[in-house]
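J.: Quick one, entry39.txt (compact mmCIF, C-alpha atoms and all ligand atoms):
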```
# COMPACT_ATOMS: atom_id res chain seq x y z
CA MET A 1 91.63 61.31 90.73
CA ARG A 2 94.31 61.60 88.17
CA ARG A 3 95.73 59.63 85.29
CA VAL A 4 99.12 58.05 85.86
CA GLN A 5 101.49 55.72 84.08
CA VAL A 6 101.03 52.03 84.84
CA GLY A 7 104.09 50.74 86.76
CA GLU A 8 105.29 49.45 90.10
CA HIS A 9 104.78 52.88 91.69
CA ILE A 10 100.97 52.49 91.57
CA VAL A 11 100.93 49.36 93.75
CA GLY A 12 98.90 50.10 96.87
CA LYS A 13 96.98 53.01 95.28
CA PHE A 14 93.25 52.82 94.62
CA ALA A 15 91.83 52.61 91.10
CA ALA A 16 89.39 55.44 90.41
CA LYS A 17 87.94 53.95 87.23
CA THR A 18 87.33 50.42 85.99
CA ILE A 19 89.69 49.23 83.27
CA TYR A 20 88.08 46.80 80.86
CA GLY A 21 90.01 43.97 79.28
CA ALA A 22 88.87 41.72 76.46
CA LYS A 23 85.20 41.74 75.56
CA GLY A 24 83.09 39.42 77.71
CA GLN A 25 85.81 39.00 80.34
CA ALA A 26 86.08 40.40 83.84
CA PRO A 27 87.58 43.89 84.08
CA LEU A 28 91.35 44.06 84.58
CA VAL A 29 90.90 46.44 87.50
CA ARG A 30 87.68 47.53 89.14
CA ARG A 31 86.97 51.02 90.40
CA GLY A 32 87.84 51.25 94.10
CA ALA A 33 90.21 48.26 94.05
CA ARG A 34 93.58 48.51 95.71
CA ILE A 35 96.16 47.89 93.00
CA ARG A 36 98.35 44.81 93.44
CA ALA A 37 101.61 43.97 91.70
CA THR A 38 99.95 41.20 89.69
CA MET A 39 97.43 43.72 88.31
CA VAL A 40 100.26 45.92 87.06
CA GLY A 41 101.66 42.99 85.09
CA ALA A 42 98.23 42.15 83.66
CA LEU A 43 97.59 45.75 82.62
CA LEU A 44 100.93 46.07 80.87
CA ARG A 45 100.48 42.75 79.05
CA ARG A 46 97.15 44.02 77.70
CA GLY A 47 98.76 47.23 76.46
CA VAL A 48 97.15 49.44 79.13
CA GLU A 49 99.65 52.21 79.76
CA GLY A 50 97.61 54.59 81.90
CA ILE A 51 95.24 54.23 84.81
CA TRP A 52 93.10 56.54 86.94
CA ILE A 53 93.98 56.54 90.61
CA THR A 54 92.27 58.24 93.53
CA ASP A 55 94.40 60.99 94.97
CA GLU A 56 94.58 60.56 98.71
CA LEU A 57 94.57 64.32 99.22
CA PHE A 58 91.61 64.88 96.88
CA PRO A 59 89.48 61.76 97.28
CA GLU A 60 86.32 63.62 96.30
CA LEU A 61 87.70 65.01 93.06
CA GLU A 62 85.86 63.54 90.08
CA VAL A 63 87.12 64.14 86.57
CA GLN A 64 84.70 64.34 83.68
CA GLU A 65 86.61 63.27 80.60
CA ALA A 66 85.63 64.15 77.03
CA VAL A 67 85.38 60.39 76.36
CA ARG A 68 84.42 57.66 78.86
CA GLN A 69 87.09 55.19 79.90
CA GLU A 70 85.17 52.26 78.41
CA ALA A 71 85.11 53.81 74.95
CA VAL A 72 88.84 54.52 75.23
CA ASP A 73 89.49 50.90 76.26
CA VAL A 74 87.49 49.50 73.34
CA THR A 75 89.32 51.72 70.86
CA ARG A 76 92.70 50.73 72.29
CA ARG A 77 91.83 47.03 72.01
CA CYS A 78 90.72 47.36 68.37
CA LEU A 79 93.87 49.25 67.58
CA GLY A 80 95.90 46.57 69.34
CA ASP A 81 94.48 43.93 66.96
CA ILE A 82 95.36 46.05 63.95
CA PHE A 83 98.90 46.61 65.21
CA LYS A 84 99.29 42.85 65.71
CA ALA A 85 98.22 42.30 62.11
CA ALA A 86 100.54 45.08 60.97
CA ARG A 87 103.43 43.36 62.74
CA GLY A 88 102.57 40.19 60.86
CA SER A 89 101.66 38.17 63.95
CA THR A 90 98.06 37.77 62.75
CA GLU A 91 96.30 38.05 59.41
CA PRO A 92 94.72 41.47 58.78
CA THR A 93 90.96 41.12 58.40
CA GLN A 94 88.31 43.52 57.21
CA ALA A 95 86.41 42.70 60.41
CA GLN A 96 89.21 44.33 62.42
CA ALA A 97 88.88 47.52 60.41
CA LEU A 98 85.10 47.46 60.84
CA ARG A 99 85.41 47.02 64.61
CA LEU A 100 87.80 49.95 64.72
CA ALA A 101 85.36 52.07 62.71
CA THR A 102 82.58 51.21 65.18
CA ALA A 103 84.81 52.13 68.13
CA ILE A 104 85.67 55.45 66.49
CA ARG A 105 82.01 56.12 65.76
CA ASN A 106 81.22 55.66 69.47
CA LEU A 107 84.07 57.94 70.40
CA VAL A 108 82.79 60.57 67.95
CA ASP A 109 79.24 60.28 69.37
CA GLU A 110 80.54 60.97 72.87
CA ILE A 111 82.62 63.93 71.77
CA VAL A 112 79.77 65.40 69.73
CA GLN A 113 77.42 65.11 72.71
CA ASN A 114 79.90 66.55 75.19
CA ASP A 115 79.14 70.25 75.61
CA ASP A 116 82.09 71.26 77.80
CA VAL A 117 83.61 74.45 76.46
CA VAL A 118 87.03 73.19 77.52
CA ALA A 119 87.40 69.43 77.30
CA ASN A 120 89.37 67.50 79.84
CA VAL A 121 91.58 65.05 77.97
CA SER A 122 93.90 63.61 80.56
CA HIS A 123 97.11 62.18 79.20
CA LEU A 124 100.24 60.37 80.21
CA ARG A 125 103.38 62.36 80.66
CA ALA A 126 105.62 59.61 79.34
CA TRP A 127 105.12 57.34 76.40
CA ASP A 128 107.29 55.42 73.98
CA ASN A 129 107.52 56.34 70.40
CA TYR A 130 104.60 54.31 69.23
CA THR A 131 101.90 53.57 71.66
CA PHE A 132 98.19 52.88 71.77
CA GLU A 133 97.79 55.52 74.44
CA HIS A 134 99.24 58.27 72.24
CA SER A 135 97.32 57.04 69.18
CA VAL A 136 93.97 57.09 70.99
CA GLN A 137 94.78 60.50 72.49
CA VAL A 138 95.55 61.90 69.06
CA ALA A 139 92.24 60.51 67.78
CA ILE A 140 90.29 62.15 70.64
CA LEU A 141 92.10 65.47 70.20
CA SER A 142 91.63 65.39 66.41
CA VAL A 143 87.89 64.69 66.68
CA LEU A 144 87.52 67.52 69.22
CA VAL A 145 89.24 69.88 66.81
CA GLY A 146 87.15 68.62 63.88
CA LYS A 147 83.98 69.18 65.88
CA HIS A 148 84.95 72.80 66.55
CA LEU A 149 85.84 73.19 62.85
CA MET A 150 82.21 72.20 62.16
CA MET A 151 82.90 68.88 60.46
CA THR A 152 79.99 66.47 60.02
CA GLU A 153 79.81 63.25 62.04
CA ASP A 154 80.80 61.20 59.00
CA GLN A 155 83.82 63.41 58.47
CA LEU A 156 84.71 63.09 62.15
CA VAL A 157 84.64 59.29 61.91
CA ARG A 158 86.98 59.33 58.91
CA LEU A 159 89.21 61.89 60.63
CA GLY A 160 89.29 59.84 63.86
CA THR A 161 90.07 56.62 61.98
CA GLY A 162 93.02 58.23 60.22
CA ALA A 163 94.16 59.79 63.49
CA VAL A 164 94.12 56.58 65.50
CA LEU A 165 96.11 54.80 62.77
CA HIS A 166 98.52 57.65 62.09
CA ASP A 167 101.64 55.92 63.47
CA VAL A 168 100.85 52.34 62.47
CA GLY A 169 103.93 52.39 60.19
CA LYS A 170 106.14 52.59 63.27
CA VAL A 171 105.67 48.86 63.80
CA MET A 172 108.16 48.47 60.92
CA VAL A 173 110.77 50.76 62.50
CA PRO A 174 113.32 48.93 64.69
CA GLN A 175 112.51 49.17 68.41
CA ASP A 176 116.04 50.24 69.37
CA ILE A 177 115.67 53.35 67.21
CA LEU A 178 112.18 54.20 68.50
CA GLN A 179 113.18 53.78 72.12
CA LYS A 180 116.63 55.32 71.88
CA PRO A 181 117.23 57.34 75.06
CA SER A 182 118.94 60.18 73.20
CA ARG A 183 118.42 62.20 70.05
CA LEU A 184 118.55 60.25 66.81
CA THR A 185 121.45 60.42 64.36
CA ALA A 186 120.70 61.67 60.84
CA GLU A 187 120.65 58.08 59.53
CA GLU A 188 118.32 56.87 62.27
CA PHE A 189 115.99 59.78 61.61
CA GLU A 190 115.89 58.84 57.90
CA ILE A 191 114.63 55.39 58.95
CA VAL A 192 111.96 56.86 61.27
CA LYS A 193 110.88 59.17 58.43
CA GLN A 194 109.78 56.14 56.44
CA HIS A 195 106.93 55.34 58.84
CA PRO A 196 104.22 57.45 57.13
CA ARG A 197 104.73 55.68 53.79
CA LEU A 198 105.14 52.25 55.40
CA GLY A 199 101.94 52.81 57.38
CA TRP A 200 100.06 53.97 54.31
CA ASP A 201 101.15 50.89 52.30
CA LEU A 202 100.11 48.69 55.18
CA VAL A 203 96.65 50.17 55.49
CA HIS A 204 96.14 50.02 51.71
CA GLU A 205 97.21 46.41 51.38
CA GLY A 206 95.70 45.05 54.58
CA PHE A 207 92.58 47.07 55.18
CA GLN A 208 91.02 48.09 51.87
CA ASN A 209 87.77 49.10 53.57
CA ILE A 210 89.46 52.00 55.34
CA MET A 211 88.52 55.10 53.37
CA PRO A 212 91.28 56.87 51.38
CA THR A 213 90.44 60.10 53.25
CA SER A 214 91.45 58.28 56.46
CA SER A 215 94.54 56.53 55.13
CA ILE A 216 95.89 59.77 53.62
CA VAL A 217 96.36 60.98 57.22
CA VAL A 218 98.78 58.10 57.84
CA LEU A 219 100.82 59.27 54.85
CA GLN A 220 100.67 63.02 55.50
CA HIS A 221 100.70 63.57 59.27
CA HIS A 222 104.33 64.77 59.26
CA GLU A 223 103.90 67.20 56.35
CA ARG A 224 104.14 70.84 57.46
CA LEU A 225 102.55 73.95 55.93
CA ASP A 226 105.93 75.53 55.09
CA GLY A 227 107.12 72.45 53.17
CA SER A 228 109.56 71.39 55.90
CA GLY A 229 107.75 68.11 56.63
CA TYR A 230 108.04 64.61 55.17
CA PRO A 231 107.75 62.39 53.17
CA SER A 232 106.74 64.65 50.25
CA GLN A 233 107.45 68.22 51.47
CA LEU A 234 103.89 69.21 50.64
CA ARG A 235 102.82 72.79 51.41
CA GLY A 236 99.69 74.51 52.66
CA ASP A 237 96.52 73.26 50.99
CA GLU A 238 98.39 70.43 49.29
CA ILE A 239 98.08 68.76 52.68
CA TYR A 240 94.59 67.34 53.20
CA VAL A 241 92.58 69.00 55.95
CA PHE A 242 92.34 65.81 58.06
CA SER A 243 96.14 65.45 57.92
CA ARG A 244 96.54 69.08 59.05
CA VAL A 245 94.26 68.49 62.04
CA VAL A 246 96.05 65.28 63.03
CA ALA A 247 99.46 66.97 62.68
CA ALA A 248 98.37 69.64 65.19
CA ALA A 249 96.94 67.04 67.60
CA ASP A 250 100.05 64.85 67.28
CA VAL A 251 102.38 67.76 68.10
CA PHE A 252 100.15 68.91 70.97
CA ASP A 253 100.15 65.47 72.58
CA ALA A 254 103.91 65.12 72.04
CA VAL A 255 104.84 68.48 73.58
CA ARG A 256 102.65 67.78 76.64
CA ALA A 257 104.61 64.55 77.25
CA GLU A 258 108.01 63.86 78.66
CA ARG A 259 110.31 62.23 76.13
CA ASN A 260 113.38 60.17 76.78
CA TYR A 261 115.64 62.85 75.30
CA ARG A 262 114.15 65.88 77.10
CA PRO A 263 112.37 66.69 80.36
CA LEU A 264 108.72 67.71 80.64
CA TYR A 265 107.97 71.18 79.25
CA THR A 266 106.24 73.67 81.50
CA PRO A 267 102.62 74.43 80.49
CA ARG A 268 103.73 77.92 79.47
CA ARG A 269 106.32 76.40 77.11
CA VAL A 270 103.70 74.02 75.63
CA LEU A 271 101.47 76.99 74.87
CA GLN A 272 104.36 78.95 73.41
CA ILE A 273 105.46 76.10 71.11
CA MET A 274 101.93 75.61 69.81
CA GLN A 275 101.51 79.33 69.17
CA GLU A 276 104.87 79.53 67.37
CA GLU A 277 104.03 76.60 65.11
CA ALA A 278 100.51 77.82 64.33
CA GLY A 279 100.28 79.22 60.82
CA ALA A 280 103.94 78.52 60.03
CA LYS A 281 104.04 74.74 60.24
CA LEU A 282 100.70 73.74 61.72
CA ASP A 283 97.20 74.70 60.65
CA ALA A 284 96.33 77.87 62.59
CA SER A 285 92.64 77.11 63.00
CA ALA A 286 93.36 73.56 64.22
CA VAL A 287 95.85 74.87 66.79
CA GLN A 288 93.44 77.58 67.86
CA ALA A 289 90.65 75.03 68.36
CA LEU A 290 92.98 72.86 70.43
CA LEU A 291 94.16 75.68 72.66
CA GLN A 292 90.63 76.99 73.15
CA HIS A 293 88.86 73.71 73.73
CA VAL A 294 91.33 71.29 75.31
CA ALA A 295 92.84 71.77 78.75
CA ILE A 296 96.64 72.09 78.64
CA ILE A 297 96.64 71.26 82.35
CA PRO A 298 93.77 68.83 82.98
CA VAL A 299 91.76 68.57 86.20
CA GLY A 300 93.50 66.43 88.81
CA GLU A 301 97.06 67.45 87.94
CA ILE A 302 99.41 68.34 90.78
CA VAL A 303 100.76 71.82 90.11
CA ARG A 304 103.14 74.42 91.51
CA LEU A 305 102.04 78.03 91.07
CA THR A 306 104.30 80.93 90.16
CA ASN A 307 104.26 82.03 93.85
CA GLY A 308 105.49 78.57 94.92
CA LEU A 309 102.22 77.27 96.38
CA LEU A 310 101.41 73.63 95.70
CA GLY A 311 97.99 72.20 94.89
CA ALA A 312 95.85 70.37 92.35
CA VAL A 313 93.77 71.65 89.43
CA THR A 314 90.13 71.33 90.47
CA ASP A 315 88.40 73.23 87.66
CA LEU A 316 89.10 74.68 84.22
CA ASN A 317 88.67 78.18 82.85
CA SER A 318 87.90 78.67 79.19
CA GLY A 319 90.25 81.03 77.42
CA ASP A 320 92.86 80.96 80.21
CA PRO A 321 94.79 77.73 79.72
CA LEU A 322 97.52 78.61 82.26
CA GLN A 323 95.04 79.93 84.81
CA PRO A 324 92.64 77.18 85.89
CA VAL A 325 91.10 76.89 89.36
CA VAL A 326 93.63 75.37 91.77
CA THR A 327 93.05 74.14 95.31
CA VAL A 328 96.30 74.80 97.17
CA VAL A 329 97.41 72.54 100.01
CA ALA A 330 101.05 73.51 100.69
CA ASP A 331 103.29 76.54 100.87
CA ASP A 332 106.44 77.10 98.82
CA ARG A 333 108.44 74.88 101.22
CA ASP A 334 105.94 72.02 100.76
CA MET A 335 104.54 72.45 104.26
CA PRO A 336 100.79 71.77 104.55
CA ILE A 337 98.52 74.83 104.82
CA GLU A 338 94.78 75.25 105.20
CA ARG A 339 93.42 74.32 101.78
CA GLU A 340 92.14 77.16 99.67
CA ARG A 341 90.42 77.20 96.27
CA ILE A 342 92.03 79.86 94.09
CA ASP A 343 90.57 80.85 90.74
CA LEU A 344 93.76 81.97 89.01
CA ARG A 345 91.82 83.91 86.38
CA GLY A 346 92.05 87.60 87.13
CA THR A 347 95.06 87.09 89.41
CA PRO A 348 98.70 87.53 88.41
CA LEU A 349 99.26 83.87 89.33
CA GLN A 350 99.78 81.09 86.81
CA VAL A 351 100.60 77.41 86.89
CA ASP A 352 104.37 77.25 86.75
CA GLN A 353 104.98 73.52 86.80
CA VAL A 354 103.13 70.23 86.56
CA LEU A 355 104.42 67.55 88.95
CA ASN A 356 104.32 63.79 88.50
CA GLU A 357 103.67 63.13 92.17
CA TRP A 358 103.34 64.91 95.49
CA PRO A 359 106.80 65.76 96.91
CA PRO A 360 108.34 62.89 98.94
CA GLY A 361 106.72 62.58 102.38
CA PHE A 362 104.13 65.24 101.64
CA GLU A 363 101.08 62.99 101.78
CA GLN A 364 102.12 61.84 105.27
CA ARG A 365 102.64 65.45 106.43
CA ALA A 366 99.28 66.46 104.99
CA ARG A 367 97.56 63.62 106.87
CA GLU A 368 99.17 64.68 110.15
CA PHE A 369 98.24 68.30 109.50
CA LEU A 370 94.64 67.34 108.89
CA HIS A 371 94.45 65.26 112.06
CA SER A 372 96.17 67.87 114.23
CA GLY A 373 93.28 70.18 113.39
CA THR A 374 95.59 73.20 113.18
FE FE A 401 104.27 59.88 63.14
```
Just give me the structure as structure tokens.
T.:
Amino acid sequence: MRRVQVGEHIVGKFAAKTIYGAKGQAPLVRRGARIRATMVGALLRRGVEGIWITDELFPELEVQEAVRQEAVDVTRRCLGDIFKAARGSTEPTQAQALRLATAIRNLVDEIVQNDDVVANVSHLRAWDNYTFEHSVQVAILSVLVGKHLMMTEDQLVRLGTGAVLHDVGKVMVPQDILQKPSRLTAEEFEIVKQHPRLGWDLVHEGFQNIMPTSSIVVLQHHERLDGSGYPSQLRGDEIYVFSRVVAAADVFDAVRAERNYRPLYTPRRVLQIMQEEAGAKLDASAVQALLQHVAIIPVGEIVRLTNGLLGAVTDLNSGDPLQPVVTVVADDRDMPIERERIDLRGTPLQVDQVLNEWPPGFEQRAREFLHSGT
């Protein structure tokens, strides 16, 4: 199974996990169901951007995520209500903030109990500039980092709450700027740069029961250690520790994704960017915790190795983010080969590229190869 963007291209695939909708209602998609076009519409209307599908070539591959899908769904729904209130379409209520806090507490409980050395946090490769998917991802990544920085559970809840709300101010930034398919002009960037303060005001005015140590993250998540961030050009310890953790998680999730103004970075480039930013702009211990404890290339991803072979990640290796265990299924010309499990650790091989999908026609060729028994 692997996590993919919700869209027309998933019609006909099989859902590998149940996606829950509103509380007390039937799930939007049940595990094992074949996805129909109407389901895609329903998912998108409910703000579900990603879904787990069963990979035809690896039907047996199960992925153990750091947080269960249900807890992710609940958090996304609570956040959705808060974003609606932030947009002014509903009245903000303290009950919404309390529900969000409960969702985050559940998320923290799961992360605290998870004893994987390297956590699998599958993500979407493409997301718009403000999205529930990205916000929930940043919360999960931040809590994972906080756990490895030995924060208490109460601290983790406050950290996670700030993290999930970090971009709430973007609801006030015009859509055409956020979704612009090219780099922003200086003026447009000035407008985007207002979102931390706008978000902070919003949380303060609308949700007074959110702790100041959470809301400070909304204000400070774009500050950088060297003073190059915004809105206040704070430096080093002037930036609160929660904000430093969320900044690292936010950048990590952003560099792993494809953006509308640049293609997907290779895993090697992701690692390099994080290492370059560590200590200079981003908190070194937060970055280190991320790189040590979160998979850069999660299980289930389709990958091309440096020798051209094609396969899927089937296991992780701690300490070797570019060298997981890969089961190869095709040669460098995308022709099916006898599948082989290769532990890249200790070999000169690395993952060179992460692919969105199997190459065109490959699944058909692989089926024929399997049936021919050669
Ligand atoms: Fe932001």
J.: As a PyMOL selection string, please: the residues near A:Trp200 (cut-off 10 Å, all atoms listed in the file, same-chain neighbours under 3 positions excluded).
T.: chain A and resi 165-169+195-197+203-206+212+214-220
J.: Go through A:Leu322, A:Thr93, A:Val299, A:Leu234 one by one, measure the shortest atom-to-atom distance of each to A:Leu271 using all atoms listed in the file, and give the residue with the smallest value.
T.: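 Counting all atoms listed in the file, the residue closest to A:Leu271 is A:Leu322.
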J.: What is the atom CA of A:Tyr230-atom FE of ligand FE 401 (chain A) distance in Å, reported with one decimal?
T.: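 For atom CA of A:Tyr230 relative to atom FE of ligand FE 401 (chain A), the distance reads 10.0 Å.
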J.: Closest to A:Gly279 among A:Ala254, A:Met39, A:Leu225, A:Val246, using only C-alpha atoms?
T.: A:Leu225
J.: Using all atoms listed in the file - which residues lie no farther than 12 Å from the point (81.7, 48.9, 51.0) in the file's frame? Write them as an NGL selection string.
T.: :A and (94 or 97-98 or 207-211)
J.: Using all atoms listed in the file, which residue out of A:Ile19, A:Leu178, A:Leu61, A:Ile10 lies closest to ligand FE 401 (chain A)?
T.: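 Smallest separation from ligand FE 401 (chain A) among the options: A:Leu178.
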J.: Just want the 9 Å neighbourhood of A:Gln194, counted on only C-alpha atoms, with same-chain residues fewer than 3 positions away dropped. Output as a compact mmCIF listing (two decimals) with C-alpha atoms, in the frame of the given file.
T.:
```
# COMPACT_ATOMS: atom_id res chain seq x y z
CA GLY A 169 103.93 52.39 60.19
CA LYS A 170 106.14 52.59 63.27
CA VAL A 173 110.77 50.76 62.50
CA PHE A 189 115.99 59.78 61.61
CA GLU A 190 115.89 58.84 57.90
CA ILE A 191 114.63 55.39 58.95
CA ARG A 197 104.73 55.68 53.79
CA LEU A 198 105.14 52.25 55.40
CA GLY A 199 101.94 52.81 57.38
CA TYR A 230 108.04 64.61 55.17
CA PRO A 231 107.75 62.39 53.17
```
J.: Tell me, as a PyMOL selection string, which residues lie within 10 Å of A:Phe14, counting all atoms listed in the file; anything in the same chain fewer than 2 positions away does not count.
T.: chain A and resi 1+10-12+16-17+29-36+52-56
J.: Work out how far apart atom CA of A:Val74 and atom CA of A:Ser243 are and give it in Å to one decimal.
T.: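 A separation of 23.8 Å between them.
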J.: Just checking: using all atoms listed in the file, which residue out of A:Ser89, A:Gln5, A:Gln364, A:Ser135 ends up closest to ligand FE 401 (chain A)?
T.: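 Closest to ligand FE 401 (chain A) of all the choices is A:Ser135.
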J.: Here is a test: counting only C-alpha atoms, which residue of A:Leu44, A:Ala95, A:Val325, A:Ala126 is nearest to A:Val255?
T.: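 Smallest separation from A:Val255 among the options: A:Ala126.
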J.: Just checking: using all atoms listed in the file, which residue out of A:Val40, A:Ala280, A:Ala330, A:Ala257 ends up closest to A:Trp127?
T.: A:Ala257
J.: What would the file be for stretch 142-195 of chain A if you keep C-alpha atoms and write it as a PDB file, in the first residue's frame?
T.:
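result11.pdb was written with the following content:
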```
ATOM      1  CA  SER A 142       6.768  17.983  15.454  1.00  0.00           C
ATOM      2  CA  VAL A 143       5.459  15.639  18.159  1.00  0.00           C
ATOM      3  CA  LEU A 144       7.879  12.924  17.004  1.00  0.00           C
ATOM      4  CA  VAL A 145      10.742  15.379  17.304  1.00  0.00           C
ATOM      5  CA  GLY A 146       9.514  16.605  20.693  1.00  0.00           C
ATOM      6  CA  LYS A 147       9.326  13.033  21.940  1.00  0.00           C
ATOM      7  CA  HIS A 148      12.958  12.421  20.961  1.00  0.00           C
ATOM      8  CA  LEU A 149      13.902  15.743  22.606  1.00  0.00           C
ATOM      9  CA  MET A 150      12.429  14.252  25.806  1.00  0.00           C
ATOM     10  CA  MET A 151       9.474  16.610  26.154  1.00  0.00           C
ATOM     11  CA  THR A 152       6.701  15.639  28.570  1.00  0.00           C
ATOM     12  CA  GLU A 153       3.286  14.569  27.268  1.00  0.00           C
ATOM     13  CA  ASP A 154       1.774  17.908  28.286  1.00  0.00           C
ATOM     14  CA  GLN A 155       4.484  19.735  26.392  1.00  0.00           C
ATOM     15  CA  LEU A 156       3.893  17.500  23.379  1.00  0.00           C
ATOM     16  CA  VAL A 157       0.182  18.357  23.377  1.00  0.00           C
ATOM     17  CA  ARG A 158       0.935  22.086  23.438  1.00  0.00           C
ATOM     18  CA  LEU A 159       3.610  21.636  20.765  1.00  0.00           C
ATOM     19  CA  GLY A 160       1.238  19.576  18.575  1.00  0.00           C
ATOM     20  CA  THR A 161      -1.578  22.108  18.966  1.00  0.00           C
ATOM     21  CA  GLY A 162       0.670  24.960  17.861  1.00  0.00           C
ATOM     22  CA  ALA A 163       2.016  22.828  15.014  1.00  0.00           C
ATOM     23  CA  VAL A 164      -1.368  21.859  13.613  1.00  0.00           C
ATOM     24  CA  LEU A 165      -2.486  25.513  13.681  1.00  0.00           C
ATOM     25  CA  HIS A 166       0.766  26.971  12.386  1.00  0.00           C
ATOM     26  CA  ASP A 167      -0.586  28.127   9.003  1.00  0.00           C
ATOM     27  CA  VAL A 168      -4.109  29.093  10.057  1.00  0.00           C
ATOM     28  CA  GLY A 169      -3.309  32.712   9.087  1.00  0.00           C
ATOM     29  CA  LYS A 170      -3.117  31.646   5.453  1.00  0.00           C
ATOM     30  CA  VAL A 171      -6.912  31.651   5.283  1.00  0.00           C
ATOM     31  CA  MET A 172      -6.562  35.461   5.127  1.00  0.00           C
ATOM     32  CA  VAL A 173      -4.081  35.404   2.232  1.00  0.00           C
ATOM     33  CA  PRO A 174      -5.721  35.608  -1.221  1.00  0.00           C
ATOM     34  CA  GLN A 175      -6.034  32.204  -2.909  1.00  0.00           C
ATOM     35  CA  ASP A 176      -4.539  33.402  -6.195  1.00  0.00           C
ATOM     36  CA  ILE A 177      -1.302  34.259  -4.394  1.00  0.00           C
ATOM     37  CA  LEU A 178      -1.167  30.984  -2.438  1.00  0.00           C
ATOM     38  CA  GLN A 179      -1.837  28.879  -5.502  1.00  0.00           C
ATOM     39  CA  LYS A 180       0.257  30.867  -7.959  1.00  0.00           C
ATOM     40  CA  PRO A 181       1.965  28.398 -10.307  1.00  0.00           C
ATOM     41  CA  SER A 182       5.241  30.335 -10.318  1.00  0.00           C
ATOM     42  CA  ARG A 183       7.496  32.073  -7.834  1.00  0.00           C
ATOM     43  CA  LEU A 184       5.977  35.018  -6.010  1.00  0.00           C
ATOM     44  CA  THR A 185       6.881  38.640  -6.719  1.00  0.00           C
ATOM     45  CA  ALA A 186       8.382  40.664  -3.863  1.00  0.00           C
ATOM     46  CA  GLU A 187       5.003  42.320  -3.193  1.00  0.00           C
ATOM     47  CA  GLU A 188       3.142  39.017  -3.165  1.00  0.00           C
ATOM     48  CA  PHE A 189       5.698  37.559  -0.786  1.00  0.00           C
ATOM     49  CA  GLU A 190       5.179  40.536   1.565  1.00  0.00           C
ATOM     50  CA  ILE A 191       1.479  39.615   1.704  1.00  0.00           C
ATOM     51  CA  VAL A 192       2.234  35.927   2.405  1.00  0.00           C
ATOM     52  CA  LYS A 193       4.644  37.019   5.141  1.00  0.00           C
ATOM     53  CA  GLN A 194       1.728  38.454   7.086  1.00  0.00           C
ATOM     54  CA  HIS A 195       0.218  35.022   7.758  1.00  0.00           C
TER      55      HIS A 195
END
```
